[in-house]
Amino acid sequence: MLEPAGHGIGRSRGGLSSKIHAAVDGHGRPLSLVVTGGQRNDGAMLQTVLEEIHVPRLGPGRARTRPDAVLADRGYASGVIRRQLRRRGIKAVIPEKRDSVAARKRRGSTGGRPPAFDAVAYRGRNVVERSFALAKQWRGLATRYDKLAVVYRGAAVLCAIITWLRALGDTP
């Protein structure tokens, strides 16, 4: 299960900002991180975030690069994103936008069927928000003091590594 999110960690008004686009697993552990300028649209970066996923297997075999499902908020509810996920064989758990529902109903029988939505699975979406809340505990990430994007990305990756190390504990 994958939950993508784009969060502006720095200031959102009155200055330069950066945005971390991340995919986390069902336990809030980051699987991929992409840093962009604060003006980048989250939906436009979803493909890049999905391409960055590379989870090695414990035994023999290729690494996993495709999640079973994507849990996302209404910002990812476009038809283009749903088609991308369907093409890759990924289940989309994304609520429909209110204006899309109204437009579909206004068209009547030619409006088509609503996209499938698993409300029970969507309850796990808060894992993404908790993952970013943990990242915001780092002062450098929360305030965006770094001038170079590569340094800022390094801090985000280091935060992700520490998150994974906490999860692994003392296992060999």
# chains A, B, ... in the order shown; residues from 1 in each chain; ligands from 1
$ select_by_dssp --residues "segment 39-159 of chain A" --states "strand (DSSP E or B)" --output "list in words"
Val55, Arg64, Ala69, Val70, Leu71, Lys91, Ala92 and Val93 of chain A
$ write_last_selection --atoms "C-alpha atoms" --output "PDB file, in the first residue's frame"
ATOM      1  CA  VAL A  55      12.091  -1.930  -2.481  1.00  0.00           C
ATOM      2  CA  ARG A  64       9.343  -4.190  -6.002  1.00  0.00           C
ATOM      3  CA  ALA A  69      -2.674   0.562  -3.983  1.00  0.00           C
ATOM      4  CA  VAL A  70      -2.264   4.324  -3.807  1.00  0.00           C
ATOM      5  CA  LEU A  71      -4.118   6.188  -1.059  1.00  0.00           C
ATOM      6  CA  LYS A  91      -5.558   0.312  -7.242  1.00  0.00           C
ATOM      7  CA  ALA A  92      -6.520   3.992  -6.764  1.00  0.00           C
ATOM      8  CA  VAL A  93      -8.097   4.815  -3.395  1.00  0.00           C
TER       9      VAL A  93
END
$ residues_around --residues "segment 39-51 of chain A" --least-positions-apart "6" --cutoff "7 Å" --atoms "only C-alpha atoms" --output "list in words"
Gly6, His21, Ala22, Ala23, Ser32, Leu33, Gly75 and Tyr76 of chain A
$ select_by_dssp --residues "segment 50-155 of chain A" --states "helix (DSSP H, G or I)" --output "count of residues only"
56
$ atom_distance --atom1 "atom CA of Tyr145 of chain A" --atom2 "atom CA of Val24 of chain A"
24.5 Å
$ closest_atom_pairs --of "segment 32-88 of chain A" --to "segment 109-124 of chain A" --cutoff "9 Å" --atoms "only C-alpha atoms" --output "tab-separated table"
residue	atom	partner	partner_atom	distance
A:Leu71	CA	A:Tyr122	CA	6.2
A:Ala72	CA	A:Tyr122	CA	8.0
A:Asp73	CA	A:Tyr122	CA	9.0
A:Arg82	CA	A:Pro115	CA	9.0
$ atom_distance --atom1 "atom CA of Ile161 of chain A" --atom2 "atom CA of Arg29 of chain A"
9.0 Å
$ residues_around --residues "segment 126-130 of chain A" --least-positions-apart "2" --cutoff "7 Å" --atoms "only C-alpha atoms" --output "PyMOL selection string"
chain A and resi 3+5+24+26-28+123-124+132-134
$ write_last_selection --atoms "N, CA and C atoms" --output "compact mmCIF listing (two decimals), in the first residue's frame"
# COMPACT_ATOMS: atom_id res chain seq x y z
N GLU A 3 1.01 5.59 0.04
CA GLU A 3 0.30 6.84 0.25
C GLU A 3 1.20 7.99 -0.18
N ALA A 5 2.19 11.92 -0.96
CA ALA A 5 1.81 13.21 -0.42
C ALA A 5 2.84 14.24 -0.85
N VAL A 24 5.01 6.85 1.12
CA VAL A 24 5.31 6.10 2.34
C VAL A 24 4.53 4.80 2.32
N GLY A 26 2.58 1.59 4.52
CA GLY A 26 1.47 1.60 5.46
C GLY A 26 1.86 1.90 6.89
N HIS A 27 3.16 1.93 7.18
CA HIS A 27 3.65 2.24 8.53
C HIS A 27 4.30 3.61 8.62
N GLY A 28 4.23 4.40 7.55
CA GLY A 28 4.78 5.75 7.55
C GLY A 28 6.26 5.82 7.22
N ARG A 123 -9.10 5.13 5.32
CA ARG A 123 -8.85 5.54 6.71
C ARG A 123 -7.37 5.49 7.07
N GLY A 124 -6.60 4.70 6.34
CA GLY A 124 -5.16 4.61 6.59
C GLY A 124 -4.38 5.79 6.05
N PHE A 132 4.79 13.15 7.82
CA PHE A 132 5.28 14.51 7.64
C PHE A 132 5.37 15.26 8.97
N ALA A 133 4.50 14.96 9.91
CA ALA A 133 4.59 15.57 11.23
C ALA A 133 5.91 15.18 11.89
N LEU A 134 6.33 13.94 11.70
CA LEU A 134 7.62 13.49 12.24
C LEU A 134 8.77 14.23 11.55
$ atom_distance --atom1 "atom CA of Ser131 of chain A" --atom2 "atom CA of Leu168 of chain A"
16.2 Å
$ closest_residue --among "A:Arg107, A:Arg125, A:Arg74, A:Arg66" --to "Gly89 of chain A" --atoms "only C-alpha atoms"
A:Arg66
